[in-house]
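Student: So here's input28.cif (mmCIF, C-alpha atoms and all ligand atoms).
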data_entry
#
loop_
_atom_site.label_atom_id
_atom_site.label_comp_id
_atom_site.auth_asym_id
_atom_site.auth_seq_id
_atom_site.Cartn_x
_atom_site.Cartn_y
_atom_site.Cartn_z
CA MET A 112 36.07 -11.38 53.72
CA SER A 113 38.65 -9.52 55.81
CA GLU A 114 40.89 -11.31 58.22
CA ILE A 115 39.90 -11.48 61.89
CA HIS A 116 42.72 -10.77 64.34
CA ARG A 117 42.25 -12.27 67.78
CA ALA A 118 43.91 -12.65 71.21
CA SER A 119 42.73 -14.05 74.54
CA THR A 120 43.79 -13.73 78.14
CA THR A 121 42.56 -14.21 81.67
CA ALA A 122 42.85 -11.92 84.69
CA PRO A 123 42.38 -12.77 88.35
CA VAL A 124 40.16 -11.27 91.02
CA ASN A 125 41.97 -9.34 93.72
CA ILE A 126 40.64 -8.62 97.19
CA ALA A 127 42.13 -5.62 98.95
CA VAL A 128 43.50 -5.91 102.46
CA ILE A 129 44.17 -2.16 102.49
CA LYS A 130 41.17 -0.60 100.81
CA TYR A 131 40.98 1.90 97.97
CA TRP A 132 38.15 4.28 98.81
CA GLY A 133 38.23 7.83 97.52
CA LYS A 134 39.30 9.55 94.30
CA ARG A 135 41.30 12.72 94.05
CA ASP A 136 40.60 12.75 90.30
CA PRO A 137 37.43 10.91 89.24
CA LYS A 138 38.18 11.25 85.54
CA LEU A 139 41.59 9.60 85.67
CA ASN A 140 40.61 7.35 88.60
CA LEU A 141 43.38 8.69 90.79
CA PRO A 142 42.96 7.57 94.40
CA THR A 143 43.23 9.51 97.64
CA ASN A 144 45.29 6.68 99.15
CA SER A 145 47.44 3.73 98.18
CA SER A 146 45.99 0.23 98.56
CA LEU A 147 47.14 -3.38 98.65
CA SER A 148 45.51 -6.64 97.63
CA VAL A 149 45.92 -10.38 97.52
CA THR A 150 45.32 -12.02 94.15
CA LEU A 151 42.95 -14.97 94.18
CA SER A 152 43.73 -18.12 92.26
CA GLN A 153 42.64 -17.98 88.64
CA SER A 154 41.58 -21.60 88.69
CA ASP A 155 38.75 -20.48 90.96
CA LEU A 156 37.86 -16.88 90.08
CA ARG A 157 38.78 -15.11 86.91
CA THR A 158 37.64 -13.22 83.83
CA HIS A 159 38.44 -14.76 80.47
CA THR A 160 38.48 -12.25 77.63
CA THR A 161 38.95 -12.50 73.90
CA ALA A 162 39.62 -9.32 71.94
CA SER A 163 39.30 -9.33 68.20
CA CYS A 164 39.23 -6.78 65.42
CA SER A 165 38.47 -6.89 61.75
CA ALA A 166 37.74 -4.48 58.94
CA SER A 167 34.69 -6.64 58.24
CA TYR A 168 33.09 -5.98 61.68
CA PRO A 169 30.20 -3.52 62.08
CA PRO A 170 31.70 -0.05 62.70
CA GLN A 171 30.93 0.20 66.44
CA ASP A 172 33.18 -1.37 69.09
CA SER A 173 31.28 -3.97 71.11
CA LEU A 174 31.58 -5.81 74.43
CA LEU A 175 29.75 -8.96 75.41
CA LEU A 176 29.94 -9.87 79.13
CA ASN A 177 28.61 -13.28 80.15
CA GLY A 178 26.59 -13.32 76.95
CA SER A 179 24.95 -9.93 77.32
CA SER A 180 25.82 -6.83 75.37
CA GLN A 181 27.40 -3.97 77.38
CA ASP A 182 27.51 -0.25 76.76
CA VAL A 183 31.04 0.70 75.70
CA SER A 184 30.32 4.42 75.32
CA GLY A 185 31.21 5.18 78.96
CA ALA A 186 34.23 7.41 79.52
CA ARG A 187 36.20 4.69 81.31
CA THR A 188 35.93 2.01 78.64
CA GLN A 189 36.56 4.66 76.02
CA ALA A 190 39.70 5.80 77.86
CA CYS A 191 41.08 2.23 77.77
CA PHE A 192 40.26 1.78 74.08
CA ARG A 193 41.73 5.19 73.21
CA GLU A 194 45.02 4.65 75.05
CA LEU A 195 45.56 1.18 73.63
CA ARG A 196 44.68 2.28 70.09
CA ALA A 197 47.07 5.23 70.37
CA LEU A 198 49.93 2.89 71.34
CA ARG A 199 49.12 0.58 68.42
CA LYS A 200 48.81 3.54 66.04
CA LYS A 201 52.27 4.72 67.05
CA MET A 202 53.69 1.28 66.19
CA GLU A 203 51.87 1.27 62.86
CA ASP A 204 53.19 4.75 62.03
CA GLU A 205 56.73 3.59 62.81
CA ASP A 206 56.45 0.34 60.86
CA GLY A 207 54.37 0.71 57.71
CA SER A 208 54.25 -3.07 57.16
CA LEU A 209 52.06 -3.68 60.23
CA PRO A 210 48.35 -4.30 59.66
CA LYS A 211 46.28 -1.24 60.60
CA LEU A 212 44.51 -2.84 63.55
CA SER A 213 44.11 0.50 65.33
CA SER A 214 41.54 1.63 62.79
CA MET A 215 39.41 -1.55 62.94
CA PRO A 216 36.35 -2.00 65.18
CA LEU A 217 36.97 -4.06 68.31
CA LYS A 218 34.85 -6.95 69.50
CA ILE A 219 35.43 -7.97 73.13
CA VAL A 220 33.93 -11.13 74.61
CA SER A 221 34.32 -11.67 78.37
CA GLU A 222 33.19 -14.43 80.69
CA ASN A 223 33.36 -14.31 84.49
CA ASN A 224 33.17 -17.52 86.46
CA PHE A 225 31.74 -15.63 89.48
CA PRO A 226 28.69 -13.37 90.04
CA THR A 227 29.11 -9.93 88.52
CA ALA A 228 28.74 -6.81 90.69
CA ALA A 229 28.37 -8.81 93.89
CA GLY A 230 31.15 -6.99 95.66
CA LEU A 231 33.59 -9.55 94.32
CA ALA A 232 35.64 -7.01 92.40
CA SER A 233 34.30 -8.11 89.03
CA SER A 234 35.26 -4.79 87.47
CA ALA A 235 38.86 -5.35 88.55
CA ALA A 236 39.33 -8.66 86.77
CA GLY A 237 37.13 -7.41 83.91
CA PHE A 238 39.11 -4.30 83.03
CA ALA A 239 42.45 -6.00 83.65
CA ALA A 240 41.51 -8.77 81.21
CA LEU A 241 40.08 -6.31 78.69
CA VAL A 242 43.21 -4.17 78.67
CA ARG A 243 45.61 -7.12 78.46
CA ALA A 244 43.57 -8.88 75.75
CA ILE A 245 43.66 -5.76 73.55
CA ALA A 246 47.36 -5.20 74.32
CA ASN A 247 48.02 -8.80 73.21
CA LEU A 248 45.88 -8.34 70.12
CA TYR A 249 47.85 -5.21 69.22
CA GLU A 250 51.17 -6.89 70.16
CA LEU A 251 52.10 -3.90 72.30
CA PRO A 252 55.47 -4.07 74.04
CA ALA A 253 53.75 -2.91 77.25
CA SER A 254 54.85 -3.99 80.74
CA PRO A 255 52.34 -4.95 83.46
CA THR A 256 53.07 -1.53 84.98
CA ASP A 257 52.14 0.22 81.71
CA LEU A 258 48.97 -1.86 81.46
CA SER A 259 48.10 -1.12 85.10
CA ARG A 260 48.18 2.60 84.29
CA ILE A 261 45.65 2.04 81.51
CA ALA A 262 43.45 -0.46 83.38
CA ARG A 263 43.26 1.96 86.33
CA GLN A 264 41.31 4.33 84.11
CA GLY A 265 38.73 1.60 83.49
CA SER A 266 38.34 0.78 87.17
CA GLY A 267 40.73 1.75 89.93
CA SER A 268 41.12 -1.68 91.47
CA ALA A 269 41.74 -3.23 88.02
CA CYS A 270 45.33 -2.02 88.08
CA ARG A 271 46.02 -4.51 90.88
CA SER A 272 44.79 -7.46 88.78
CA LEU A 273 47.66 -7.14 86.29
CA PHE A 274 50.13 -8.67 88.72
CA GLY A 275 49.92 -11.92 90.63
CA GLY A 276 50.56 -12.55 94.30
CA TYR A 277 50.58 -9.62 96.72
CA VAL A 278 50.05 -6.34 94.90
CA GLY A 279 50.15 -2.67 95.85
CA TRP A 280 48.73 0.34 94.04
CA GLU A 281 50.80 3.45 94.58
CA GLN A 282 48.51 6.45 94.75
CA GLY A 283 51.11 8.63 93.04
CA SER A 284 51.29 12.41 93.17
CA LYS A 285 51.40 13.53 89.53
CA GLU A 286 48.35 15.24 88.11
CA ASP A 287 48.43 13.22 84.89
CA GLY A 288 48.34 9.94 86.86
CA SER A 289 51.52 8.62 85.26
CA ASP A 290 52.86 7.47 88.64
CA SER A 291 49.58 5.96 89.90
CA VAL A 292 50.39 2.34 89.04
CA ALA A 293 50.38 -1.13 90.56
CA PHE A 294 53.50 -2.92 91.78
CA GLN A 295 54.16 -6.41 93.06
CA VAL A 296 54.89 -6.57 96.78
CA ALA A 297 55.70 -10.29 96.62
CA PRO A 298 55.02 -13.09 94.16
CA ALA A 299 52.53 -15.82 95.05
CA GLU A 300 55.35 -18.31 95.73
CA HIS A 301 56.68 -16.07 98.50
CA TRP A 302 53.75 -16.99 100.77
CA PRO A 303 51.97 -19.83 99.01
CA GLY A 304 49.99 -21.09 102.02
CA MET A 305 47.57 -18.16 101.88
CA ARG A 306 43.95 -19.26 101.42
CA ALA A 307 40.64 -17.44 101.23
CA ILE A 308 37.09 -18.49 101.84
CA ILE A 309 34.46 -16.29 100.24
CA LEU A 310 31.08 -16.26 101.94
CA VAL A 311 28.61 -15.20 99.33
CA VAL A 312 25.89 -13.60 101.43
CA SER A 313 24.28 -12.05 98.39
CA ALA A 314 25.03 -12.29 94.70
CA ALA A 315 22.75 -9.32 94.01
CA LYS A 316 24.11 -6.14 92.44
CA LYS A 317 25.30 -3.74 95.10
CA GLY A 318 23.02 -0.90 96.21
CA VAL A 319 25.46 2.00 96.08
CA SER A 320 28.09 1.86 93.34
CA SER A 321 31.68 2.24 94.45
CA THR A 322 32.17 5.37 92.39
CA THR A 323 29.14 7.16 93.84
CA GLY A 324 29.89 5.91 97.34
CA MET A 325 33.49 7.09 97.24
CA GLN A 326 32.57 10.54 96.02
CA THR A 327 29.99 10.99 98.78
CA THR A 328 32.44 9.74 101.42
CA VAL A 329 35.17 12.15 100.30
CA ALA A 330 32.66 15.01 100.31
CA THR A 331 31.01 14.34 103.67
CA SER A 332 32.87 12.00 106.05
CA SER A 333 34.79 13.63 108.87
CA LEU A 334 36.66 10.36 109.53
CA PHE A 335 37.88 10.15 105.95
CA PRO A 336 40.74 12.74 105.95
CA ALA A 337 42.53 10.96 108.80
CA ARG A 338 42.07 7.59 107.11
CA ALA A 339 43.54 8.80 103.82
CA SER A 340 46.41 10.87 105.20
CA GLU A 341 47.48 8.98 108.32
CA THR A 342 45.89 5.58 108.83
CA VAL A 343 46.37 4.09 105.39
CA PRO A 344 49.96 5.30 104.79
CA ARG A 345 50.96 3.71 108.12
CA ARG A 346 49.11 0.49 107.33
CA MET A 347 50.64 0.23 103.86
CA LYS A 348 54.06 0.02 105.51
CA GLU A 349 52.89 -2.43 108.20
CA MET A 350 51.21 -4.65 105.64
CA GLN A 351 54.18 -4.78 103.29
CA LYS A 352 56.44 -5.70 106.20
CA ALA A 353 53.97 -8.38 107.39
CA ILE A 354 53.92 -9.91 103.91
CA GLN A 355 57.72 -9.79 103.57
CA GLU A 356 58.05 -11.51 106.96
CA LYS A 357 55.09 -13.87 106.42
CA ASP A 358 53.68 -12.61 109.71
CA PHE A 359 50.03 -13.72 109.57
CA GLU A 360 49.07 -12.17 112.90
CA THR A 361 49.97 -8.68 111.70
CA PHE A 362 48.63 -9.36 108.21
CA GLY A 363 45.32 -10.47 109.73
CA LYS A 364 45.03 -7.69 112.27
CA VAL A 365 45.76 -4.93 109.75
CA THR A 366 43.39 -6.55 107.22
CA MET A 367 40.49 -6.61 109.68
CA MET A 368 41.19 -3.13 111.05
CA ASP A 369 41.38 -1.65 107.57
CA SER A 370 38.10 -3.27 106.55
CA ASN A 371 36.51 -1.89 109.73
CA SER A 372 37.96 1.56 109.04
CA PHE A 373 36.65 1.58 105.47
CA HIS A 374 33.14 0.54 106.59
CA ALA A 375 33.26 3.09 109.42
CA THR A 376 33.89 5.86 106.90
CA CYS A 377 30.98 4.49 104.87
CA LEU A 378 28.72 4.74 107.90
CA ASP A 379 30.14 8.20 108.59
CA THR A 380 29.19 9.27 105.06
CA TYR A 381 26.03 11.36 104.67
CA PRO A 382 23.65 9.93 103.66
CA PRO A 383 25.20 6.83 105.26
CA ILE A 384 26.30 3.85 103.19
CA PHE A 385 25.67 0.37 104.58
CA TYR A 386 27.42 -2.49 102.87
CA LEU A 387 27.49 -4.93 105.79
CA ASN A 388 24.36 -6.74 106.94
CA ASP A 389 23.49 -9.09 109.80
CA VAL A 390 25.02 -12.08 108.05
CA SER A 391 28.22 -10.09 107.48
CA ARG A 392 28.32 -9.26 111.18
CA ALA A 393 27.77 -12.93 112.05
CA ALA A 394 30.82 -13.70 109.89
CA ILE A 395 32.86 -11.13 111.84
CA LYS A 396 31.81 -12.72 115.13
CA THR A 397 32.71 -16.17 113.86
CA VAL A 398 36.19 -14.99 112.90
CA GLU A 399 36.56 -13.40 116.33
CA SER A 400 35.56 -16.66 118.03
CA ILE A 401 37.94 -18.70 115.83
CA ASN A 402 40.80 -16.38 116.81
CA THR A 403 39.85 -16.40 120.48
CA ALA A 404 39.76 -20.22 120.50
CA ALA A 405 43.16 -20.35 118.78
CA GLY A 406 44.65 -17.78 121.16
CA LYS A 407 46.03 -15.86 118.18
CA ILE A 408 44.92 -14.46 114.85
CA ILE A 409 44.59 -17.32 112.38
CA ALA A 410 41.67 -15.89 110.35
CA ALA A 411 41.07 -12.41 108.96
CA TYR A 412 37.87 -11.06 107.45
CA THR A 413 37.54 -8.28 104.95
CA PHE A 414 34.50 -6.80 103.16
CA ASP A 415 34.36 -4.73 99.98
CA ALA A 416 31.43 -2.66 98.75
CA GLY A 417 28.93 -5.41 99.56
CA PRO A 418 27.96 -7.88 102.30
CA ASN A 419 30.12 -10.83 101.17
CA ALA A 420 32.95 -11.80 103.50
CA VAL A 421 36.37 -12.85 102.35
CA VAL A 422 38.26 -14.64 105.09
CA TYR A 423 42.01 -15.11 104.71
CA TYR A 424 43.82 -17.89 106.55
CA LEU A 425 46.83 -20.14 106.14
CA GLU A 426 46.56 -23.65 104.77
CA GLU A 427 47.91 -25.07 108.04
CA ASN A 428 44.77 -23.73 109.79
CA GLU A 429 42.33 -25.03 107.20
CA LYS A 430 40.35 -27.18 109.63
CA GLU A 431 40.00 -24.54 112.33
CA VAL A 432 38.96 -21.80 109.91
CA ALA A 433 37.16 -23.13 106.84
CA GLY A 434 35.69 -26.12 108.67
CA LEU A 435 34.37 -24.15 111.64
CA PHE A 436 33.14 -21.38 109.42
CA LYS A 437 30.85 -23.58 107.44
CA ALA A 438 29.52 -25.32 110.53
CA ALA A 439 28.93 -22.07 112.42
CA LEU A 440 27.13 -20.25 109.66
CA GLU A 441 25.14 -23.02 108.07
CA ASP A 442 22.04 -22.49 110.18
CA LYS A 443 21.99 -18.68 110.15
CA ASP A 444 19.31 -16.77 108.26
CA GLY A 445 20.47 -15.61 104.88
CA TRP A 446 23.21 -18.16 104.78
CA SER A 447 23.11 -21.70 103.54
CA GLY A 448 26.15 -23.83 102.91
CA LYS A 449 23.80 -26.05 100.92
CA ARG A 450 23.46 -23.49 98.15
CA GLY A 451 27.19 -23.70 97.74
CA ASP A 452 27.63 -20.14 98.84
CA ALA A 453 30.99 -20.67 100.43
CA VAL A 454 33.65 -20.58 97.80
CA GLN A 455 36.96 -21.84 99.04
CA VAL A 456 39.80 -20.59 96.93
CA ASN A 457 43.53 -20.54 96.87
CA ALA A 458 44.57 -17.00 97.52
CA VAL A 459 47.68 -16.29 95.45
C1 LIG B 501 39.25 -2.03 96.82
N1 LIG B 501 36.92 -1.31 96.36
O1 LIG B 501 40.35 -1.57 97.19
C2 LIG B 501 38.02 -1.24 97.25
C3 LIG B 501 37.49 -1.67 98.56
C4 LIG B 501 35.68 -1.52 97.04
C5 LIG B 501 36.00 -1.48 98.47
O2 LIG B 501 38.12 -0.86 94.57
O3 LIG B 501 35.22 3.62 90.66
O4 LIG B 501 35.25 -0.74 91.26
O5 LIG B 501 35.86 1.66 89.25
O6 LIG B 501 37.60 2.99 90.43
O7 LIG B 501 37.70 -0.20 91.64
C6 LIG B 501 35.85 -0.97 94.21
O8 LIG B 501 35.98 0.14 93.46
O9 LIG B 501 35.99 1.61 91.70
C7 LIG B 501 37.05 -1.04 95.06
P1 LIG B 501 36.18 2.51 90.45
P2 LIG B 501 36.28 0.11 91.90
O10 LIG B 501 39.16 -3.09 96.20
#
Produce structure tokens that represent the structure in this file.

Tutor:
Amino acid sequence: MSEIHRASTTAPVNIAVIKYWGKRDPKLNLPTNSSLSVTLSQSDLRTHTTASCSASYPPQDSLLLNGSSQDVSGARTQACFRELRALRKKMEDEDGSLPKLSSMPLKIVSENNFPTAAGLASSAAGFAALVRAIANLYELPASPTDLSRIARQGSGSACRSLFGGYVGWEQGSKEDGSDSVAFQVAPAEHWPGMRAIILVVSAAKKGVSSTTGMQTTVATSSLFPARASETVPRRMKEMQKAIQEKDFETFGKVTMMDSNSFHATCLDTYPPIFYLNDVSRAAIKTVESINTAAGKIIAAYTFDAGPNAVVYYLEENEKEVAGLFKAALEDKDGWSGKRGDAVQVNAV
């Protein structure tokens, strides 16, 4: 019986406050604009992945996600496997005493502790964990930046899950994508009071996949060019400054405006893409009323490619935001606090 080599890791979910939406190169997952996210606490939301390899395994690579077998033949998963194997192979060629892991079949086992494909960026944590688990298995001397470049090819937003805290993804300008990598804007400890409440409106799989949606938006939306070339570059600067200065009002305003801008370009896509529903809009109104009552921005909503709201706030405003939110939404159609659909998490 051949030896089994194994390594495990976890990767966090990240929720963008400046959204990635649009690819300039779909094959390499190169974006049309930079983006920025807040990492959610791994004690609440994360993917745990074990990568193993052995000469005794069946010849095909395999991936088990939450107990069910996944297709690994897709170009994106293959790109991640190929890049990681090539790095390992190089090490093996340089040091003949290393076991030849690069030629063994891989077995990947992943578990999410949150609903998959519910607009909760499951692919981000998933690919980040997959890439790091294999890198650990292969004992690659790769930095988080190197791994972000590989994970990006699995799923764009995955590159942001290789760092903690507040994380940017530089769109880059090179055709080979070598400069399209994630970077840390600030560590979690820089602004540790950040919290998020996730309102799970629906745990169902999203209707329009991000990849398809983005492509249609880039091809048809007349709002999109201004968003990619003017709005987002300006907001990237504003957001980084707001994080550096721990300025929640600006952080919150830019977060909400960028979510609105992203969903406006979705609506402006033809055929139109609707991710928000009535419950999502009720969440927006609740945030507006919380901020009006406070006389300043103490809560900020953002929505990804689905109806679930993520609301950022500071710990000091816990009662006003998380408390009021649950009370206000509990009786609305499609929402029930009783089902435990509000997940309160430590952002960062
Ligand atoms: C984001 N989203 O910045 C944006 C906001 C959804 C809305 O990144 O095609 O699953 O795998 O590169 O990363 C979701 O898109 O897309 C996403 P692919 P991904 O978080």

Student: Which of these, A:Thr361, A:Thr256, A:Ser284, A:Asn144, has the shortest distance to Arg271 of chain A once you count only C-alpha atoms?

Tutor: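 Ranked by minimum distance to Arg271 of chain A, first place goes to A:Thr256.
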
Student: May I have the residues at most 12 Å from (34.0, 7.4, 95.8) in the file's coordinates, counting all atoms listed in the file, as number ranges by chain?

Tutor: A: 130-138, 140-144, 266-267, 319-332, 335, 373, 376-377, 380, 384, 416

Student: Mind working out the centre and edge lengths of an axis-aligned box for ligand LIG 501 (chain B), all listed atoms inside, 5 Å added to each side, rounded to one decimal in Å and written as lines of an AutoDock Vina configuration file?

Tutor:
center_x = 37.8
center_y = 0.3
center_z = 93.9
size_x = 15.1
size_y = 16.7
size_z = 19.3

Student: In Å, rounded to a single decimal, give me how far atom CA of Ala269 of chain A is from atom CA of Asn224 of chain A.

Tutor: 16.7 Å

Student: Would you mind reading off the distance between atom CA of Asn223 of chain A and atom CA of Val124 of chain A, one decimal, in Å?

Tutor: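 Separating atom CA of Asn223 of chain A from atom CA of Val124 of chain A is a distance of 9.9 Å.
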
Student: As an exercise, work out the distance from atom CA of Ala240 of chain A to atom CA of His159 of chain A in Å and give it to one decimal place.

Tutor: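 A separation of 6.8 Å between them.
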
Student: Tell me which of A:Met305, A:Pro344, A:Ile395, A:Ser152 sits closest to Glu427 of chain A, counting all atoms listed in the file.

Tutor: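 Counting all atoms listed in the file, the residue closest to Glu427 of chain A is A:Met305.
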